[in-house]
>>> print(open('input-v2.tsv').read())   # TSV, C-alpha atoms
chain	number	residue	atom	x	y	z
A	1273	VAL	CA	-27.82	-138.81	98.39
A	1274	SER	CA	-29.47	-141.72	100.15
A	1275	ARG	CA	-29.41	-141.61	103.93
A	1276	ASN	CA	-28.66	-145.33	103.97
A	1277	ARG	CA	-25.17	-144.52	102.71
A	1278	LEU	CA	-24.41	-142.78	105.98
A	1279	ALA	CA	-23.84	-146.20	107.50
A	1280	VAL	CA	-21.11	-146.73	104.92
A	1281	ALA	CA	-19.53	-143.41	105.82
A	1282	GLY	CA	-19.65	-144.30	109.51
A	1283	CYS	CA	-18.14	-147.72	109.01
A	1284	LEU	CA	-15.45	-146.22	106.84
A	1285	TYR	CA	-13.64	-144.58	109.73
A	1286	SER	CA	-13.99	-147.57	112.02
A	1287	TYR	CA	-11.94	-149.45	109.40
A	1288	ARG	CA	-9.06	-147.01	109.59
A	1289	ASP	CA	-6.85	-148.89	112.06
A	1290	GLU	CA	-7.57	-152.24	110.44
A	1291	SER	CA	-6.76	-150.85	107.02
A	1292	MET	CA	-3.39	-149.63	108.22
A	1293	LYS	CA	-2.68	-152.98	109.77
A	1294	GLY	CA	-3.54	-154.52	106.44
A	1295	PHE	CA	-0.90	-152.43	104.74
A	1296	ALA	CA	1.65	-153.42	107.35
A	1297	THR	CA	0.89	-157.16	107.10
A	1298	GLU	CA	0.34	-157.04	103.32
A	1299	ASP	CA	-3.09	-158.65	103.70
A	1300	PRO	CA	-4.88	-158.44	100.33
A	1301	VAL	CA	-8.31	-158.51	102.00
A	1302	MET	CA	-7.51	-155.45	104.09
A	1303	LEU	CA	-6.03	-153.70	101.08
A	1304	VAL	CA	-9.15	-154.32	98.98
A	1305	SER	CA	-11.45	-153.21	101.80
A	1306	PHE	CA	-9.41	-150.04	102.25
A	1307	LEU	CA	-9.59	-149.22	98.54
A	1308	MET	CA	-13.33	-149.89	98.40
A	1309	SER	CA	-14.04	-147.73	101.46
A	1310	SER	CA	-11.91	-144.94	99.99
A	1311	ALA	CA	-13.82	-145.15	96.71
A	1312	MET	CA	-17.14	-144.94	98.58
A	1313	LEU	CA	-15.90	-141.91	100.50
A	1314	PHE	CA	-14.85	-140.12	97.32
A	1315	ALA	CA	-18.20	-140.97	95.72
A	1316	LEU	CA	-20.07	-139.40	98.64
A	1317	ILE	CA	-17.97	-136.24	98.46
A	1318	PHE	CA	-18.46	-135.94	94.71
A	1319	CYS	CA	-22.23	-136.32	95.21
A	1320	GLN	CA	-22.12	-133.38	97.62
A	1321	LEU	CA	-20.09	-131.35	95.13
A	1322	HIS	CA	-22.65	-132.14	92.43
A	1323	VAL	CA	-25.48	-130.86	94.64
A	1324	CYS	CA	-23.56	-127.67	95.44
A	1325	SER	CA	-22.84	-127.04	91.75
A	1326	CYS	CA	-26.52	-127.46	90.86
A	1327	LEU	CA	-27.56	-125.00	93.58
A	1328	GLU	CA	-25.08	-122.42	92.30
A	1329	MET	CA	-26.47	-122.81	88.79
A	1330	ALA	CA	-30.01	-122.35	90.16
A	1331	ILE	CA	-29.02	-119.01	91.71
A	1332	ASP	CA	-27.43	-117.86	88.46
A	1333	GLN	CA	-30.52	-118.87	86.52
A	1334	TYR	CA	-32.74	-116.92	88.93
A	1335	CYS	CA	-30.72	-113.75	88.32
A	1336	ILE	CA	-30.98	-114.22	84.55
A	1337	ARG	CA	-34.75	-114.77	84.67
A	1338	PHE	CA	-35.20	-111.80	86.99
A	1339	PHE	CA	-33.54	-109.41	84.54
A	1340	GLU	CA	-35.33	-110.92	81.56
A	1341	ALA	CA	-38.81	-110.71	83.12
A	1342	ALA	CA	-38.33	-107.25	84.73
A	1343	ASP	CA	-41.13	-108.07	87.17
A	1344	LEU	CA	-40.48	-107.54	90.89
A	1345	SER	CA	-43.56	-109.47	92.01
A	1346	LYS	CA	-42.55	-112.46	89.92
A	1347	GLY	CA	-39.00	-112.09	91.18
A	1348	ILE	CA	-40.15	-112.37	94.82
A	1349	ALA	CA	-42.25	-115.43	94.01
A	1350	GLU	CA	-39.35	-117.14	92.24
A	1351	TRP	CA	-37.02	-116.22	95.10
A	1352	ASN	CA	-39.35	-118.05	97.50
A	1353	VAL	CA	-39.13	-121.12	95.27
A	1354	LEU	CA	-35.35	-120.85	95.08
A	1355	GLN	CA	-35.05	-120.40	98.84
A	1356	ALA	CA	-37.19	-123.49	99.42
A	1357	LEU	CA	-35.01	-125.43	96.97
A	1358	LEU	CA	-31.85	-124.38	98.82
A	1359	ARG	CA	-33.26	-125.33	102.21
A	1360	ARG	CA	-34.58	-128.67	100.98
A	1361	ALA	CA	-31.33	-129.63	99.24
A	1362	ALA	CA	-29.24	-128.62	102.25
A	1363	HIS	CA	-31.54	-130.52	104.62
A	1364	THR	CA	-31.22	-133.65	102.45
A	1365	VAL	CA	-27.41	-133.73	102.39
A	1366	GLU	CA	-26.58	-132.05	105.71
A	1367	VAL	CA	-26.27	-135.29	107.71
A	1368	CYS	CA	-24.03	-136.88	105.08
A	1369	PHE	CA	-22.07	-133.62	104.72
A	1370	LEU	CA	-21.51	-133.36	108.46
A	1371	ALA	CA	-20.68	-137.06	108.93
A	1372	VAL	CA	-18.13	-137.22	106.11
A	1373	SER	CA	-16.49	-133.91	107.02
A	1374	THR	CA	-16.26	-134.74	110.72
A	1375	GLY	CA	-14.96	-138.24	110.02
A	1376	VAL	CA	-12.21	-137.11	107.64
A	1377	LEU	CA	-11.09	-134.29	109.92
A	1378	ALA	CA	-11.08	-136.71	112.88
A	1379	VAL	CA	-8.81	-139.04	110.91
A	1380	LEU	CA	-6.59	-136.05	110.16
A	1381	LEU	CA	-6.32	-135.27	113.88
A	1382	LEU	CA	-5.62	-138.90	114.76
A	1383	THR	CA	-2.88	-138.99	112.13
A	1384	GLY	CA	-1.33	-135.88	113.68
A	1385	VAL	CA	-1.44	-137.53	117.10
A	1386	GLU	CA	0.28	-140.64	115.73
A	1387	MET	CA	3.01	-138.52	114.18
A	1388	PHE	CA	3.45	-136.56	117.38
A	1389	ASN	CA	3.61	-139.65	119.62
A	1390	LEU	CA	6.31	-141.50	117.69
A	1391	SER	CA	8.85	-142.36	120.35
A	1392	GLU	CA	12.61	-142.68	120.08
A	1393	ARG	CA	12.19	-146.45	120.07
A	1394	ASP	CA	10.04	-146.22	116.94
A	1395	TYR	CA	12.70	-144.09	115.24
A	1396	GLY	CA	15.58	-146.27	116.39
A	1397	GLU	CA	14.18	-149.73	115.78
A	1398	GLY	CA	11.94	-149.19	112.82
A	1399	VAL	CA	12.68	-145.98	111.04
A	1400	MET	CA	11.87	-147.43	107.65
A	1401	SER	CA	8.66	-149.05	108.89
A	1402	SER	CA	7.57	-145.84	110.60
A	1403	GLY	CA	8.34	-143.84	107.45
A	1404	ILE	CA	6.29	-146.21	105.30
A	1405	THR	CA	3.40	-146.05	107.77
A	1406	LEU	CA	3.46	-142.26	107.82
A	1407	GLY	CA	3.60	-142.21	104.04
A	1408	LEU	CA	0.55	-144.46	103.80
A	1409	TRP	CA	-1.30	-142.31	106.31
A	1410	ALA	CA	-0.49	-139.23	104.25
A	1411	MET	CA	-1.72	-140.92	101.05
A	1412	TRP	CA	-4.99	-141.76	102.81
A	1413	VAL	CA	-5.57	-138.49	104.67
A	1414	LEU	CA	-4.43	-135.74	102.31
A	1415	PRO	CA	-6.64	-136.44	99.24
A	1416	SER	CA	-9.80	-136.93	101.30
A	1417	THR	CA	-9.02	-133.88	103.46
A	1418	GLY	CA	-8.50	-131.75	100.36
A	1419	LEU	CA	-11.82	-132.89	98.92
A	1420	VAL	CA	-13.63	-132.16	102.19
A	1421	PHE	CA	-12.27	-128.62	102.36
A	1422	TYR	CA	-13.14	-128.12	98.70
A	1423	ALA	CA	-16.72	-129.26	99.42
A	1424	VAL	CA	-16.93	-126.89	102.38
A	1425	PHE	CA	-15.80	-123.95	100.24
A	1426	ARG	CA	-18.26	-124.88	97.50
A	1427	ALA	CA	-21.07	-124.93	100.06
A	1428	ALA	CA	-19.91	-121.55	101.37
A	1429	ALA	CA	-19.92	-120.23	97.79
A	1430	ILE	CA	-23.69	-120.85	97.65
A	1431	THR	CA	-24.26	-118.58	100.65
A	1432	GLU	CA	-21.92	-115.92	99.30
A	1433	LYS	CA	-23.69	-115.95	95.95
A	1434	CYS	CA	-27.03	-115.46	97.72
A	1435	ASN	CA	-25.53	-112.50	99.58
A	1436	ARG	CA	-24.65	-110.83	96.27
A	1437	VAL	CA	-28.15	-111.09	94.80
A	1438	PRO	CA	-29.57	-108.03	96.72
A	1439	ALA	CA	-26.75	-105.83	95.45
A	1440	LEU	CA	-27.43	-107.02	91.90
A	1441	VAL	CA	-31.15	-106.25	92.21
A	1442	ASN	CA	-30.46	-102.88	93.80
A	1443	SER	CA	-28.16	-101.85	90.94
A	1444	TRP	CA	-30.89	-102.20	88.34
A	1445	SER	CA	-33.19	-99.21	87.66
A	1446	LEU	CA	-36.66	-100.25	86.55
A	1447	ILE	CA	-38.15	-96.73	86.48
A	1448	ASP	CA	-36.85	-93.20	86.06
A	1449	GLU	CA	-37.41	-92.26	89.71
A	1450	GLN	CA	-34.35	-92.16	91.92
A	1451	ILE	CA	-36.14	-93.85	94.82
A	1452	ASP	CA	-38.02	-97.00	93.91
A	1453	HIS	CA	-39.88	-98.25	96.99
A	1454	GLU	CA	-40.96	-101.47	95.33
A	1455	LYS	CA	-37.37	-102.29	94.40
A	1456	GLN	CA	-36.17	-101.47	97.93
A	1457	TYR	CA	-38.85	-103.75	99.33
A	1458	THR	CA	-37.60	-106.56	97.08
A	1459	VAL	CA	-33.99	-105.97	98.16
A	1460	GLN	CA	-34.89	-106.02	101.85
A	1461	TYR	CA	-37.03	-109.12	101.34
A	1462	ILE	CA	-34.11	-111.00	99.80
A	1463	ILE	CA	-31.70	-109.85	102.52
A	1464	GLN	CA	-33.98	-110.77	105.40
A	1465	SER	CA	-34.75	-114.17	103.92
A	1466	ALA	CA	-31.13	-115.15	104.78
A	1467	ALA	CA	-30.94	-117.75	102.03
A	1468	GLY	CA	-27.89	-119.96	101.78
A	1469	PHE	CA	-26.50	-123.39	102.58
A	1470	TYR	CA	-27.39	-124.52	106.11
A	1471	VAL	CA	-25.98	-127.46	108.07
A	1472	LYS	CA	-28.03	-128.21	111.18
A	1473	GLY	CA	-29.25	-124.62	111.32
A	1474	VAL	CA	-25.77	-123.11	110.87
A	1475	ARG	CA	-25.30	-120.95	107.80
A	1476	VAL	CA	-22.10	-122.00	106.03
A	1477	ASN	CA	-20.31	-118.92	104.68
A	1478	ALA	CA	-16.81	-117.99	103.50
A	1479	THR	CA	-15.77	-116.66	106.92
A	1480	TRP	CA	-16.67	-119.94	108.57
A	1481	ALA	CA	-14.81	-121.96	105.92
A	1482	LEU	CA	-11.66	-119.80	106.13
A	1483	LYS	CA	-11.57	-120.06	109.93
A	1484	LEU	CA	-11.85	-123.84	109.67
A	1485	SER	CA	-9.06	-124.11	107.11
A	1486	TYR	CA	-6.74	-121.80	109.07
A	1487	PHE	CA	-7.38	-123.72	112.29
A	1488	PHE	CA	-6.49	-127.10	110.80
A	1489	GLY	CA	-3.56	-125.58	108.90
A	1490	VAL	CA	-2.03	-124.26	112.12
A	1491	LEU	CA	-2.77	-127.53	113.89
A	1492	MET	CA	-1.08	-129.69	111.27
A	1493	PHE	CA	1.87	-127.31	110.94
A	1494	THR	CA	2.43	-127.47	114.71
A	1495	THR	CA	2.20	-131.27	114.71
A	1496	LEU	CA	4.58	-131.62	111.78
A	1497	THR	CA	7.20	-129.28	113.23
A	1498	GLN	CA	7.05	-131.02	116.61
A	1499	SER	CA	7.53	-134.40	114.94
A	1500	LEU	CA	10.49	-133.13	112.93
A	1501	CYS	CA	12.08	-131.63	116.06
A	1502	ARG	CA	11.73	-134.92	117.91
A	1503	ALA	CA	13.16	-136.80	114.93
A	1504	ALA	CA	16.14	-134.43	114.76
A	1505	SER	CA	16.85	-134.94	118.46
A	1506	CYS	CA	16.80	-138.73	118.18
A	1507	PRO	CA	20.42	-140.13	118.23
A	1508	ALA	CA	19.48	-143.32	116.39
A	1509	LEU	CA	17.88	-141.38	113.57
A	1510	ARG	CA	20.89	-139.07	113.27
A	1511	CYS	CA	23.16	-142.09	112.91
A	1512	ILE	CA	20.97	-143.51	110.13
A	1513	VAL	CA	20.85	-140.17	108.34
>>> encode(input="input-v2.tsv", output="structure tokens")
Amino acid sequence: VSRNRLAVAGCLYSYRDESMKGFATEDPVMLVSFLMSSAMLFALIFCQLHVCSCLEMAIDQYCIRFFEAADLSKGIAEWNVLQALLRRAAHTVEVCFLAVSTGVLAVLLLTGVEMFNLSERDYGEGVMSSGITLGLWAMWVLPSTGLVFYAVFRAAAITEKCNRVPALVNSWSLIDEQIDHEKQYTVQYIIQSAAGFYVKGVRVNATWALKLSYFFGVLMFTTLTQSLCRAASCPALRCIV
């Protein structure tokens, strides 16, 4: 992924308010710009998913070659190559990964704030307009948010797959002796290498991804319930309903 595309990802979120105004005023220029920026965002996320899929396949291929060669020294050498490949790939896409994820989640939070701050005047004077606006926000936020969380979990799957490699190596008996010091050295070498997917020095794992998803799930559930409670307490909205 070219680093020059980060400018596109940054400009994408600065266009958010103008894009929504475009929907409200039915400006074709704003509508086209919104669709193009959304397409660019999805393309960036799919590029990240492609990189993560290739890294997962590289780990699987290493395990296959390790069992076929049955050579611990060669296995350590190939693990060094694989670890360097993981670090290099993660370093190449980490800025784009962080920028896109942070931008989409920021838009999600801003959408929650807009839903929470709808006043009784908005419900009374423009219920239909407010409903259309919220619907458009949901159409913009939900697909991109789902893709971002999917990309985060795919990145975490790389780290989790690396964590399972030592157990796979340890389960294989190369000699008849019960204690194989060379095999134990290989297992400890793989464990202490701490291979995985890193974003700015932070190792992305399943625990980190689950905490992030639970946090935003609770946040959006709280925002939605508060908005529904305020809508139910609005006299003008009750009359319309």
>>> closest_residue(input="input-v2.tsv", among="A:Leu1313, A:Met1329, A:Ala1466, A:Leu1491", to="Phe1369 of chain A", atoms="only C-alpha atoms")
A:Leu1313
>>> closest_residue(input="input-v2.tsv", among="A:Trp1412, A:Tyr1470, A:Phe1487, A:Trp1351", to="Leu1370 of chain A", atoms="all atoms listed in the file")
A:Tyr1470
>>> residues_around(input="input-v2.tsv", residues="segment 1314-1325 of chain A", least_positions_apart="5", cutoff="12 Å", atoms="all atoms listed in the file", output="PyMOL selection string")
chain A and resi 1273-1282+1284+1307-1309+1330-1332+1357-1358+1360-1373+1376+1412-1413+1415-1431+1433+1468-1470
>>> closest_residue(input="input-v2.tsv", among="A:Phe1306, A:Tyr1486, A:Trp1444, A:Trp1480", to="Leu1344 of chain A", atoms="only C-alpha atoms")
A:Trp1444
>>> atom_distance(input="input-v2.tsv", atom1="atom CA of Arg1359 of chain A", atom2="atom CA of Ala1378 of chain A")
27.1 Å
>>> closest_residue(input="input-v2.tsv", among="A:Asn1435, A:Ser1445, A:Ser1310, A:Ser1345", to="Arg1475 of chain A", atoms="only C-alpha atoms")
A:Asn1435
>>> atom_distance(input="input-v2.tsv", atom1="atom CA of Val1301 of chain A", atom2="atom CA of Leu1380 of chain A")
24.0 Å
>>> atom_distance(input="input-v2.tsv", atom1="atom CA of Cys1335 of chain A", atom2="atom CA of Leu1354 of chain A")
10.8 Å
>>> closest_residue(input="input-v2.tsv", among="A:Ala1311, A:Leu1381, A:Ala1478, A:Val1437", to="Gln1333 of chain A", atoms="only C-alpha atoms")
A:Val1437
>>> closest_residue(input="input-v2.tsv", among="A:Lys1346, A:Arg1436, A:Lys1483, A:Arg1337", to="Ile1463 of chain A", atoms="all atoms listed in the file")
A:Arg1436
>>> build_atoms(input="input-v2.tsv", residues="segment 1324-1335 of chain A", atoms="all heavy atoms", output="compact mmCIF listing (two decimals), keeping the file's coordinate frame")
# COMPACT_ATOMS: atom_id res chain seq x y z
N CYS A 1324 -23.97 -129.07 95.28
CA CYS A 1324 -23.56 -127.67 95.44
C CYS A 1324 -23.46 -126.96 94.09
O CYS A 1324 -23.88 -125.80 93.95
CB CYS A 1324 -22.22 -127.58 96.17
SG CYS A 1324 -22.28 -128.12 97.91
N SER A 1325 -22.94 -127.65 93.08
CA SER A 1325 -22.84 -127.04 91.75
C SER A 1325 -24.22 -126.76 91.17
O SER A 1325 -24.44 -125.70 90.56
CB SER A 1325 -22.05 -127.97 90.82
OG SER A 1325 -20.74 -128.18 91.30
N CYS A 1326 -25.16 -127.68 91.36
CA CYS A 1326 -26.52 -127.46 90.86
C CYS A 1326 -27.20 -126.28 91.55
O CYS A 1326 -27.92 -125.51 90.91
CB CYS A 1326 -27.34 -128.73 91.05
SG CYS A 1326 -26.83 -130.12 90.01
N LEU A 1327 -26.97 -126.12 92.85
CA LEU A 1327 -27.56 -125.00 93.58
C LEU A 1327 -26.97 -123.67 93.11
O LEU A 1327 -27.70 -122.67 92.99
CB LEU A 1327 -27.35 -125.18 95.08
CG LEU A 1327 -28.08 -126.36 95.72
CD1 LEU A 1327 -27.77 -126.44 97.21
CD2 LEU A 1327 -29.58 -126.26 95.51
N GLU A 1328 -25.69 -123.65 92.84
CA GLU A 1328 -25.08 -122.42 92.30
C GLU A 1328 -25.66 -122.07 90.94
O GLU A 1328 -25.93 -120.89 90.64
CB GLU A 1328 -23.57 -122.59 92.20
CG GLU A 1328 -22.84 -122.58 93.53
CD GLU A 1328 -21.33 -122.51 93.35
OE1 GLU A 1328 -20.85 -121.48 92.83
OE2 GLU A 1328 -20.65 -123.48 93.71
N MET A 1329 -25.87 -123.06 90.10
CA MET A 1329 -26.47 -122.81 88.79
C MET A 1329 -27.91 -122.33 88.94
O MET A 1329 -28.37 -121.49 88.13
CB MET A 1329 -26.42 -124.09 87.95
CG MET A 1329 -25.03 -124.54 87.56
SD MET A 1329 -25.01 -126.08 86.62
CE MET A 1329 -25.96 -125.59 85.17
N ALA A 1330 -28.64 -122.81 89.94
CA ALA A 1330 -30.01 -122.35 90.16
C ALA A 1330 -30.05 -120.87 90.53
O ALA A 1330 -30.94 -120.12 90.09
CB ALA A 1330 -30.68 -123.19 91.24
N ILE A 1331 -29.09 -120.43 91.34
CA ILE A 1331 -29.02 -119.01 91.71
C ILE A 1331 -28.70 -118.15 90.49
O ILE A 1331 -29.30 -117.09 90.28
CB ILE A 1331 -27.98 -118.81 92.83
CG1 ILE A 1331 -28.37 -119.60 94.08
CG2 ILE A 1331 -27.86 -117.33 93.17
CD1 ILE A 1331 -27.32 -119.59 95.17
N ASP A 1332 -27.76 -118.61 89.68
CA ASP A 1332 -27.43 -117.86 88.46
C ASP A 1332 -28.63 -117.78 87.52
O ASP A 1332 -28.90 -116.72 86.93
CB ASP A 1332 -26.25 -118.53 87.75
CG ASP A 1332 -24.97 -118.46 88.56
OD1 ASP A 1332 -24.85 -117.54 89.40
OD2 ASP A 1332 -24.09 -119.31 88.36
N GLN A 1333 -29.36 -118.87 87.40
CA GLN A 1333 -30.52 -118.87 86.52
C GLN A 1333 -31.62 -117.95 87.05
O GLN A 1333 -32.32 -117.30 86.26
CB GLN A 1333 -31.06 -120.31 86.39
CG GLN A 1333 -32.17 -120.47 85.36
CD GLN A 1333 -31.71 -120.16 83.95
OE1 GLN A 1333 -30.53 -120.30 83.64
NE2 GLN A 1333 -32.63 -119.72 83.11
N TYR A 1334 -31.76 -117.85 88.36
CA TYR A 1334 -32.74 -116.92 88.93
C TYR A 1334 -32.39 -115.48 88.56
O TYR A 1334 -33.27 -114.70 88.18
CB TYR A 1334 -32.78 -117.07 90.45
CG TYR A 1334 -33.51 -115.94 91.12
CD1 TYR A 1334 -34.90 -115.91 91.18
CD2 TYR A 1334 -32.81 -114.87 91.70
CE1 TYR A 1334 -35.57 -114.86 91.78
CE2 TYR A 1334 -33.47 -113.81 92.30
CZ TYR A 1334 -34.85 -113.82 92.35
OH TYR A 1334 -35.51 -112.78 92.93
N CYS A 1335 -31.13 -115.12 88.67
CA CYS A 1335 -30.72 -113.75 88.32
C CYS A 1335 -30.98 -113.46 86.85
O CYS A 1335 -31.44 -112.35 86.49
CB CYS A 1335 -29.24 -113.56 88.65
SG CYS A 1335 -28.85 -113.68 90.41
